[in-house]
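Source file: work00.pdb. Holds: PDB, C-alpha atoms and all ligand atoms.
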ATOM      1  CA  MET N   1      45.319  22.352 -82.127
ATOM      2  CA  GLU N   2      44.708  25.174 -79.657
ATOM      3  CA  ASN N   3      41.679  24.587 -77.432
ATOM      4  CA  ILE N   4      39.671  27.831 -77.712
ATOM      5  CA  ARG N   5      37.060  28.019 -74.944
ATOM      6  CA  GLN N   6      33.975  30.184 -75.344
ATOM      7  CA  PRO N   7      33.856  33.068 -72.885
ATOM      8  CA  MET N   8      31.377  32.300 -70.116
ATOM      9  CA  ILE N   9      29.437  35.378 -69.185
ATOM     10  CA  VAL N  10      26.933  36.034 -66.431
ATOM     11  CA  ARG N  11      24.985  39.189 -67.227
ATOM     12  CA  ALA N  12      21.664  40.867 -66.507
ATOM     13  CA  ALA N  13      18.784  39.314 -68.468
ATOM     14  CA  LYS N  14      17.284  41.216 -71.381
ATOM     15  CA  GLU N  15      13.767  41.052 -72.784
ATOM     16  CA  GLU N  16      15.022  38.971 -75.744
ATOM     17  CA  ASP N  17      16.403  36.269 -73.371
ATOM     18  CA  LEU N  18      12.927  35.375 -72.069
ATOM     19  CA  ALA N  19      12.101  32.831 -74.796
ATOM     20  CA  LYS N  20      15.258  30.826 -73.990
ATOM     21  CA  VAL N  21      14.645  31.206 -70.238
ATOM     22  CA  ILE N  22      11.112  29.828 -70.667
ATOM     23  CA  GLU N  23      12.486  26.885 -72.685
ATOM     24  CA  ILE N  24      14.898  26.043 -69.809
ATOM     25  CA  GLU N  25      12.134  26.649 -67.241
ATOM     26  CA  GLU N  26       9.833  24.160 -69.018
ATOM     27  CA  LEU N  27      12.624  21.554 -69.200
ATOM     28  CA  SER N  28      13.440  22.039 -65.510
ATOM     29  CA  PHE N  29      10.189  22.351 -63.544
ATOM     30  CA  PRO N  30       6.895  20.405 -63.626
ATOM     31  CA  THR N  31       5.007  23.694 -63.174
ATOM     32  CA  ALA N  32       6.842  26.232 -65.275
ATOM     33  CA  TRP N  33       6.472  29.986 -64.800
ATOM     34  CA  ASP N  34       5.079  31.670 -67.892
ATOM     35  CA  TYR N  35       6.169  34.848 -69.649
ATOM     36  CA  ASP N  36       3.871  37.205 -67.695
ATOM     37  CA  PHE N  37       4.815  35.764 -64.314
ATOM     38  CA  LEU N  38       8.542  35.808 -65.117
ATOM     39  CA  GLU N  39       8.252  39.431 -66.198
ATOM     40  CA  LYS N  40       6.513  40.433 -62.954
ATOM     41  CA  ILE N  41       8.690  38.441 -60.554
ATOM     42  CA  SER N  42      12.065  39.263 -62.074
ATOM     43  CA  LYS N  43      12.187  43.006 -61.424
ATOM     44  CA  ASP N  44      15.008  42.861 -58.848
ATOM     45  CA  THR N  45      17.871  40.563 -59.907
ATOM     46  CA  PHE N  46      17.539  38.453 -63.034
ATOM     47  CA  LEU N  47      20.821  37.005 -64.322
ATOM     48  CA  VAL N  48      21.506  34.760 -67.282
ATOM     49  CA  PHE N  49      24.521  32.650 -68.093
ATOM     50  CA  ASP N  50      25.365  33.314 -71.711
ATOM     51  CA  GLY N  51      27.785  30.880 -73.369
ATOM     52  CA  GLN N  52      27.150  30.611 -77.086
ATOM     53  CA  GLU N  53      23.532  31.046 -76.062
ATOM     54  CA  VAL N  54      21.619  31.488 -72.797
ATOM     55  CA  CYS N  55      21.933  28.180 -70.940
ATOM     56  CA  GLY N  56      21.021  29.092 -67.353
ATOM     57  CA  TYR N  57      19.365  31.787 -65.257
ATOM     58  CA  LEU N  58      18.883  32.928 -61.694
ATOM     59  CA  ILE N  59      16.153  35.152 -60.263
ATOM     60  CA  ALA N  60      16.457  36.721 -56.809
ATOM     61  CA  GLY N  61      14.719  39.408 -54.823
ATOM     62  CA  CYS N  62      15.568  41.419 -51.726
ATOM     63  CA  CYS N  63      13.283  41.658 -48.792
ATOM     64  CA  HIS N  64      13.392  42.245 -45.015
ATOM     65  CA  LYS N  65      14.540  45.868 -45.297
ATOM     66  CA  ASN N  66      17.226  44.999 -47.827
ATOM     67  CA  ILE N  67      19.159  42.770 -45.405
ATOM     68  CA  VAL N  68      18.128  39.389 -46.806
ATOM     69  CA  ALA N  69      17.908  38.306 -50.436
ATOM     70  CA  THR N  70      15.944  35.288 -51.590
ATOM     71  CA  ILE N  71      16.763  33.087 -54.562
ATOM     72  CA  LEU N  72      13.457  32.469 -56.320
ATOM     73  CA  LYS N  73      14.753  30.320 -59.179
ATOM     74  CA  VAL N  74      17.923  28.916 -60.580
ATOM     75  CA  ALA N  75      17.937  26.527 -63.513
ATOM     76  CA  VAL N  76      20.385  25.288 -66.120
ATOM     77  CA  HIS N  77      19.535  23.661 -69.448
ATOM     78  CA  PRO N  78      19.762  19.856 -68.986
ATOM     79  CA  LYS N  79      22.414  19.678 -71.779
ATOM     80  CA  HIS N  80      24.686  22.012 -69.810
ATOM     81  CA  ARG N  81      24.405  20.773 -66.229
ATOM     82  CA  ARG N  82      27.465  19.909 -64.078
ATOM     83  CA  LYS N  83      29.649  22.467 -65.849
ATOM     84  CA  GLY N  84      29.666  25.003 -63.023
ATOM     85  CA  ILE N  85      27.028  27.262 -64.606
ATOM     86  CA  ALA N  86      24.728  27.564 -61.571
ATOM     87  CA  THR N  87      27.822  28.081 -59.393
ATOM     88  CA  ASN N  88      28.856  30.985 -61.633
ATOM     89  CA  LEU N  89      25.368  32.473 -61.369
ATOM     90  CA  VAL N  90      25.445  32.315 -57.560
ATOM     91  CA  HIS N  91      28.961  33.822 -57.457
ATOM     92  CA  LYS N  92      27.745  36.770 -59.546
ATOM     93  CA  LEU N  93      24.684  37.144 -57.297
ATOM     94  CA  VAL N  94      26.937  37.255 -54.214
ATOM     95  CA  GLU N  95      29.079  39.955 -55.870
ATOM     96  CA  ILE N  96      25.993  42.071 -56.659
ATOM     97  CA  LEU N  97      24.478  41.604 -53.184
ATOM     98  CA  LYS N  98      27.745  42.480 -51.442
ATOM     99  CA  ASP N  99      27.747  45.821 -53.253
ATOM    100  CA  ARG N 100      24.296  46.313 -51.709
ATOM    101  CA  LYS N 101      25.524  45.281 -48.231
ATOM    102  CA  ILE N 102      23.088  42.344 -48.040
ATOM    103  CA  THR N 103      24.069  39.979 -45.210
ATOM    104  CA  GLU N 104      22.174  36.782 -46.034
ATOM    105  CA  ILE N 105      20.796  34.840 -48.998
ATOM    106  CA  ASP N 106      18.034  32.335 -48.431
ATOM    107  CA  VAL N 107      16.277  29.771 -50.554
ATOM    108  CA  ILE N 108      13.529  27.191 -50.083
ATOM    109  CA  VAL N 109      14.204  23.809 -51.700
ATOM    110  CA  ILE N 110      11.944  20.751 -51.990
ATOM    111  CA  GLU N 111      13.384  17.648 -50.311
ATOM    112  CA  GLY N 112      12.877  15.601 -53.472
ATOM    113  CA  CYS N 113      15.068  17.958 -55.471
ATOM    114  CA  LYS N 114      18.379  16.342 -54.502
ATOM    115  CA  PRO N 115      20.579  17.980 -57.188
ATOM    116  CA  ALA N 116      19.435  21.406 -55.986
ATOM    117  CA  ILE N 117      20.104  20.552 -52.320
ATOM    118  CA  LEU N 118      23.571  19.219 -53.172
ATOM    119  CA  PHE N 119      24.198  22.253 -55.335
ATOM    120  CA  TYR N 120      23.310  24.742 -52.580
ATOM    121  CA  LYS N 121      25.364  22.775 -50.013
ATOM    122  CA  LYS N 122      28.410  22.893 -52.271
ATOM    123  CA  ALA N 123      27.842  26.644 -52.705
ATOM    124  CA  GLY N 124      28.073  27.032 -48.902
ATOM    125  CA  PHE N 125      24.362  27.180 -47.950
ATOM    126  CA  LYS N 126      23.341  25.564 -44.654
ATOM    127  CA  THR N 127      19.921  24.067 -43.895
ATOM    128  CA  VAL N 128      18.365  26.159 -41.105
ATOM    129  CA  SER N 129      14.858  24.718 -40.920
ATOM    130  CA  THR N 130      12.580  22.051 -42.313
ATOM    131  CA  ILE N 131       9.014  22.904 -43.237
ATOM    132  CA  PRO N 132       6.930  19.702 -43.143
ATOM    133  CA  GLN N 133       4.528  19.097 -46.036
ATOM    134  CA  ALA N 134       1.470  16.849 -46.109
ATOM    135  CA  SER N 135       2.959  15.175 -49.210
ATOM    136  CA  ASN N 136       6.049  14.150 -47.125
ATOM    137  CA  ASN N 137       8.167  16.028 -49.649
ATOM    138  CA  ASP N 138       9.347  18.506 -46.988
ATOM    139  CA  LEU N 139      10.735  21.931 -47.754
ATOM    140  CA  TYR N 140      14.212  22.934 -46.580
ATOM    141  CA  GLU N 141      15.083  26.520 -45.823
ATOM    142  CA  MET N 142      18.776  27.033 -46.661
ATOM    143  CA  LYS N 143      20.884  30.116 -45.941
ATOM    144  CA  LEU N 144      24.209  31.557 -46.981
ATOM    145  CA  LYS N 145      25.712  34.246 -44.718
ATOM    146  CA  LEU N 146      27.614  36.931 -46.593
ATOM    147  CA  THR N 147      30.730  38.028 -44.763
ATOM    148  CA  TYR N 148      32.513  41.359 -44.979
ATOM    149  CA  PRO N 149      36.089  42.178 -43.986
TER
HETATM  150  C1  LIG P   1      20.304  22.453 -59.510
HETATM  151  C2  LIG P   1      20.903  22.994 -60.830
HETATM  152  C3  LIG P   1      20.530  24.464 -60.979
HETATM  153  C4  LIG P   1      22.452  22.867 -60.743
HETATM  154  O1  LIG P   1      23.021  23.499 -61.898
HETATM  155  P1  LIG P   1      24.463  23.103 -62.466
HETATM  156  O2  LIG P   1      24.935  24.185 -63.361
HETATM  157  O3  LIG P   1      24.413  21.739 -63.019
HETATM  158  O4  LIG P   1      25.325  23.087 -61.113
HETATM  159  P2  LIG P   1      26.926  23.158 -60.996
HETATM  160  O5  LIG P   1      27.550  22.544 -62.201
HETATM  161  O6  LIG P   1      27.317  24.571 -60.667
HETATM  162  O7  LIG P   1      27.161  22.185 -59.742
HETATM  163  C5  LIG P   1      27.926  22.551 -58.605
HETATM  164  C6  LIG P   1      27.913  21.391 -57.628
HETATM  165  O8  LIG P   1      26.564  21.103 -57.188
HETATM  166  C7  LIG P   1      26.416  19.676 -56.977
HETATM  167  N1  LIG P   1      25.481  19.114 -57.959
HETATM  168  C8  LIG P   1      24.845  19.784 -58.960
HETATM  169  N2  LIG P   1      24.028  18.938 -59.652
HETATM  170  C9  LIG P   1      24.142  17.719 -59.062
HETATM  171  C10 LIG P   1      23.571  16.434 -59.308
HETATM  172  N3  LIG P   1      22.705  16.233 -60.326
HETATM  173  N4  LIG P   1      23.921  15.405 -58.511
HETATM  174  C11 LIG P   1      24.797  15.577 -57.489
HETATM  175  N5  LIG P   1      25.401  16.777 -57.210
HETATM  176  C12 LIG P   1      25.080  17.828 -57.968
HETATM  177  C13 LIG P   1      27.805  19.077 -57.196
HETATM  178  O9  LIG P   1      28.489  19.122 -55.950
HETATM  179  C14 LIG P   1      28.414  20.088 -58.186
HETATM  180  O10 LIG P   1      29.827  20.082 -58.162
HETATM  181  P3  LIG P   1      30.635  18.999 -59.058
HETATM  182  O11 LIG P   1      30.007  18.990 -60.427
HETATM  183  O12 LIG P   1      32.033  19.537 -59.036
HETATM  184  O13 LIG P   1      30.474  17.684 -58.352
HETATM  185  C15 LIG P   1      20.436  22.161 -62.052
HETATM  186  O14 LIG P   1      20.561  20.788 -61.762
HETATM  187  C16 LIG P   1      18.982  22.433 -62.465
HETATM  188  O15 LIG P   1      18.717  23.335 -63.256
HETATM  189  N6  LIG P   1      18.026  21.648 -61.922
HETATM  190  C17 LIG P   1      16.590  21.818 -62.239
HETATM  191  C18 LIG P   1      16.030  23.093 -61.648
HETATM  192  C19 LIG P   1      16.182  23.144 -60.125
HETATM  193  O16 LIG P   1      15.972  22.171 -59.403
HETATM  194  N7  LIG P   1      16.542  24.354 -59.614
HETATM  195  C20 LIG P   1      16.771  24.580 -58.183
HETATM  196  C21 LIG P   1      15.535  24.904 -57.430
HETATM  197  S1  LIG P   1      15.047  26.610 -57.668
END

Any chance you could give the structure as structure tokens?
Ligand SMILES: CC(C)(COP(=O)(O)OP(=O)(O)OC[C@H]1O[C@@H](n2cnc3c(N)ncnc32)[C@H](O)[C@@H]1OP(=O)(O)O)[C@@H](O)C(=O)NCCC(=O)NCCS
Amino acid sequence: MENIRQPMIVRAAKEEDLAKVIEIEELSFPTAWDYDFLEKISKDTFLVFDGQEVCGYLIAGCCHKNIVATILKVAVHPKHRRKGIATNLVHKLVEILKDRKITEIDVIVIEGCKPAILFYKKAGFKTVSTIPQASNNDLYEMKLKLTYP
């Protein structure tokens, strides 16, 4: 039988995606962002990965005179991890930011969040500084340089 794969689409988030985003947020983070906060923070770039349903999202914002963009959140539903979804979201972000001539993407990751650190490393991010925390769960600042021909 022919193996028909669902199209995998990364697109801009819509208002009606927020319920699914919040479900993934609550499954992914001990302190989940709520509807109001997500609405406020996601004004710049808010992408969702839409398979048969929304199964991942990425929120980023530009700062420093539109030279640097910061990833604020990326999360994938636990049922759909290790399928390349977050990688697809970052690839789409890079495409969007290159159109805007952004030269760098940065992100802050908690040391204890190993899957996220490994994910960003595989996506080409390098650790540029460590921000010590009293809890010993240090923060890593990671950066990806965007190159242009
Ligand atoms: C981090 C996270 C977004 C990764 O999403 P994902 O869609 O599973 O990631 P991908 O499938 O694109 O993974 C790409 C690569 O990252 C690395 N990686 C991702 N998850 C990993 C894990 N649990 N263990 C080891 N390596 C991992 C691997 O190198 C992987 O490539 P491979 O599968 O070919 O080995 C997901 O685990 C998640 O939602 N975690 C909870 C929320 C979070 O911590 N977000 C980041 C902080 S904002």

> Given a cut-off of 10 Å, what residues near ligand LIG 1 (chain P) show up using all atoms listed in the file, put as a PyMOL selection string?
Replying inline: chain N and resi 24-30+49+55-59+71-91+107-110+112-123

Hey, can I get the axis-aligned box for stretch 100-115 of chain N? All listed atoms, 8 Å padding on each side, centre and edge lengths in Å to one decimal, as AutoDock Vina command-line options.
--center_x 18.7 --center_y 31.0 --center_z -51.2 --size_x 29.6 --size_y 46.7 --size_z 28.0

>> Would you compute the distance between atom CA of N:Ala12 and atom CA of N:Tyr35? Give it in Å to one decimal.
In response: 16.9 Å

>> Using all atoms listed in the file, can you tell me which of N:Leu38, N:Ala60, N:Trp33, N:Val54 comes closest to N:Lys20?
In response: N:Val54

> Quick one: residues within 10 Å of stretch 99-103 of chain N, all atoms listed in the file counted, chain neighbours fewer than 4 positions away excluded, as a VMD selection string?
Replying inline: chain N and resid 62 to 63 65 to 69 94 to 95 144 to 148

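Take the candidates N:Ile22, N:Asn137, N:Glu111, N:Leu93 and check each one against N:Asp44 using all atoms listed in the file; the shortest distance goes to N:Leu93.
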
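For the pair atom CA of N:Leu97 and atom CA of N:Gly124, the separation is 15.6 Å.
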
>> Please compute the atom CA of N:Ile96-atom CA of N:Glu141 distance, one decimal, in Å.
In response: 21.9 Å

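Among N:Asp50, N:Asp36, N:Gly61, N:Thr130, the residue with the shortest atom-to-atom distance to N:Lys14, counting only C-alpha atoms, is N:Asp50.
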
>> Calculated over all atoms listed in the file, which of the candidates N:Gly51, N:Lys98, N:Phe125, N:Ser42 has the smallest distance to N:Pro149?
In response: N:Lys98

>> On this structure, the PyMOL selection byres (((chain N and resi 10) around 6) and not hetatm) would catch which residues? List them as an NGL selection string, sorted by chain and number.
In response: :N and (9 or 11 or 48-49)

Starting from the incomplete input, reconstruct N, CA and C atoms of stretch 11-41 of chain N and write that as a PDB file, in the coordinates of the input.
ATOM      1  N   ARG N  11      25.401  37.791 -67.027  1.00  0.00           N
ATOM      2  CA  ARG N  11      24.985  39.189 -67.227  1.00  0.00           C
ATOM      3  C   ARG N  11      23.508  39.343 -66.865  1.00  0.00           C
ATOM      4  N   ALA N  12      23.081  40.600 -66.770  1.00  0.00           N
ATOM      5  CA  ALA N  12      21.664  40.867 -66.507  1.00  0.00           C
ATOM      6  C   ALA N  12      20.828  40.378 -67.690  1.00  0.00           C
ATOM      7  N   ALA N  13      19.669  39.802 -67.398  1.00  0.00           N
ATOM      8  CA  ALA N  13      18.784  39.314 -68.468  1.00  0.00           C
ATOM      9  C   ALA N  13      18.198  40.478 -69.256  1.00  0.00           C
ATOM     10  N   LYS N  14      17.962  40.222 -70.538  1.00  0.00           N
ATOM     11  CA  LYS N  14      17.284  41.216 -71.381  1.00  0.00           C
ATOM     12  C   LYS N  14      15.959  40.605 -71.842  1.00  0.00           C
ATOM     13  N   GLU N  15      15.087  41.468 -72.285  1.00  0.00           N
ATOM     14  CA  GLU N  15      13.767  41.052 -72.784  1.00  0.00           C
ATOM     15  C   GLU N  15      13.901  39.885 -73.791  1.00  0.00           C
ATOM     16  N   GLU N  16      14.890  39.990 -74.682  1.00  0.00           N
ATOM     17  CA  GLU N  16      15.022  38.971 -75.744  1.00  0.00           C
ATOM     18  C   GLU N  16      15.533  37.617 -75.221  1.00  0.00           C
ATOM     19  N   ASP N  17      15.965  37.556 -73.950  1.00  0.00           N
ATOM     20  CA  ASP N  17      16.403  36.269 -73.371  1.00  0.00           C
ATOM     21  C   ASP N  17      15.221  35.426 -72.892  1.00  0.00           C
ATOM     22  N   LEU N  18      14.041  36.054 -72.748  1.00  0.00           N
ATOM     23  CA  LEU N  18      12.927  35.375 -72.069  1.00  0.00           C
ATOM     24  C   LEU N  18      12.488  34.087 -72.762  1.00  0.00           C
ATOM     25  N   ALA N  19      12.538  34.051 -74.096  1.00  0.00           N
ATOM     26  CA  ALA N  19      12.101  32.831 -74.796  1.00  0.00           C
ATOM     27  C   ALA N  19      12.997  31.660 -74.402  1.00  0.00           C
ATOM     28  N   LYS N  20      14.311  31.892 -74.349  1.00  0.00           N
ATOM     29  CA  LYS N  20      15.258  30.826 -73.990  1.00  0.00           C
ATOM     30  C   LYS N  20      15.099  30.451 -72.508  1.00  0.00           C
ATOM     31  N   VAL N  21      14.864  31.467 -71.669  1.00  0.00           N
ATOM     32  CA  VAL N  21      14.645  31.206 -70.238  1.00  0.00           C
ATOM     33  C   VAL N  21      13.413  30.316 -70.062  1.00  0.00           C
ATOM     34  N   ILE N  22      12.344  30.621 -70.790  1.00  0.00           N
ATOM     35  CA  ILE N  22      11.112  29.828 -70.667  1.00  0.00           C
ATOM     36  C   ILE N  22      11.350  28.393 -71.155  1.00  0.00           C
ATOM     37  N   GLU N  23      12.162  28.244 -72.198  1.00  0.00           N
ATOM     38  CA  GLU N  23      12.486  26.885 -72.685  1.00  0.00           C
ATOM     39  C   GLU N  23      13.181  26.096 -71.557  1.00  0.00           C
ATOM     40  N   ILE N  24      14.165  26.723 -70.904  1.00  0.00           N
ATOM     41  CA  ILE N  24      14.898  26.043 -69.809  1.00  0.00           C
ATOM     42  C   ILE N  24      13.958  25.781 -68.632  1.00  0.00           C
ATOM     43  N   GLU N  25      13.126  26.768 -68.332  1.00  0.00           N
ATOM     44  CA  GLU N  25      12.134  26.649 -67.241  1.00  0.00           C
ATOM     45  C   GLU N  25      11.239  25.421 -67.481  1.00  0.00           C
ATOM     46  N   GLU N  26      10.751  25.276 -68.708  1.00  0.00           N
ATOM     47  CA  GLU N  26       9.833  24.160 -69.018  1.00  0.00           C
ATOM     48  C   GLU N  26      10.543  22.809 -68.963  1.00  0.00           C
ATOM     49  N   LEU N  27      11.860  22.809 -69.270  1.00  0.00           N
ATOM     50  CA  LEU N  27      12.624  21.554 -69.200  1.00  0.00           C
ATOM     51  C   LEU N  27      13.014  21.220 -67.764  1.00  0.00           C
ATOM     52  N   SER N  28      12.900  22.208 -66.859  1.00  0.00           N
ATOM     53  CA  SER N  28      13.440  22.039 -65.510  1.00  0.00           C
ATOM     54  C   SER N  28      12.398  21.862 -64.412  1.00  0.00           C
ATOM     55  N   PHE N  29      11.186  22.369 -64.622  1.00  0.00           N
ATOM     56  CA  PHE N  29      10.189  22.351 -63.544  1.00  0.00           C
ATOM     57  C   PHE N  29       8.862  21.787 -64.042  1.00  0.00           C
ATOM     58  N   PRO N  30       8.187  20.963 -63.218  1.00  0.00           N
ATOM     59  CA  PRO N  30       6.895  20.405 -63.626  1.00  0.00           C
ATOM     60  C   PRO N  30       5.842  21.500 -63.827  1.00  0.00           C
ATOM     61  N   THR N  31       5.932  22.571 -62.993  1.00  0.00           N
ATOM     62  CA  THR N  31       5.007  23.694 -63.174  1.00  0.00           C
ATOM     63  C   THR N  31       5.850  24.916 -63.539  1.00  0.00           C
ATOM     64  N   ALA N  32       5.949  25.156 -64.814  1.00  0.00           N
ATOM     65  CA  ALA N  32       6.842  26.232 -65.275  1.00  0.00           C
ATOM     66  C   ALA N  32       6.175  27.587 -65.137  1.00  0.00           C
ATOM     67  N   TRP N  33       6.975  28.612 -64.807  1.00  0.00           N
ATOM     68  CA  TRP N  33       6.472  29.986 -64.800  1.00  0.00           C
ATOM     69  C   TRP N  33       6.342  30.450 -66.246  1.00  0.00           C
ATOM     70  N   ASP N  34       5.255  31.195 -66.515  1.00  0.00           N
ATOM     71  CA  ASP N  34       5.079  31.670 -67.892  1.00  0.00           C
ATOM     72  C   ASP N  34       5.666  33.076 -68.069  1.00  0.00           C
ATOM     73  N   TYR N  35       5.574  33.570 -69.278  1.00  0.00           N
ATOM     74  CA  TYR N  35       6.169  34.848 -69.649  1.00  0.00           C
ATOM     75  C   TYR N  35       5.711  35.979 -68.712  1.00  0.00           C
ATOM     76  N   ASP N  36       4.395  36.095 -68.502  1.00  0.00           N
ATOM     77  CA  ASP N  36       3.871  37.205 -67.695  1.00  0.00           C
ATOM     78  C   ASP N  36       4.382  37.132 -66.250  1.00  0.00           C
ATOM     79  N   PHE N  37       4.381  35.915 -65.699  1.00  0.00           N
ATOM     80  CA  PHE N  37       4.815  35.764 -64.314  1.00  0.00           C
ATOM     81  C   PHE N  37       6.311  36.067 -64.194  1.00  0.00           C
ATOM     82  N   LEU N  38       7.097  35.544 -65.142  1.00  0.00           N
ATOM     83  CA  LEU N  38       8.542  35.808 -65.117  1.00  0.00           C
ATOM     84  C   LEU N  38       8.813  37.301 -65.187  1.00  0.00           C
ATOM     85  N   GLU N  39       8.075  37.979 -66.051  1.00  0.00           N
ATOM     86  CA  GLU N  39       8.252  39.431 -66.198  1.00  0.00           C
ATOM     87  C   GLU N  39       7.976  40.156 -64.898  1.00  0.00           C
ATOM     88  N   LYS N  40       6.903  39.764 -64.207  1.00  0.00           N
ATOM     89  CA  LYS N  40       6.513  40.433 -62.954  1.00  0.00           C
ATOM     90  C   LYS N  40       7.499  40.152 -61.831  1.00  0.00           C
ATOM     91  N   ILE N  41       7.921  38.870 -61.724  1.00  0.00           N
ATOM     92  CA  ILE N  41       8.690  38.441 -60.554  1.00  0.00           C
ATOM     93  C   ILE N  41      10.168  38.833 -60.650  1.00  0.00           C
TER      94      ILE N  41
END
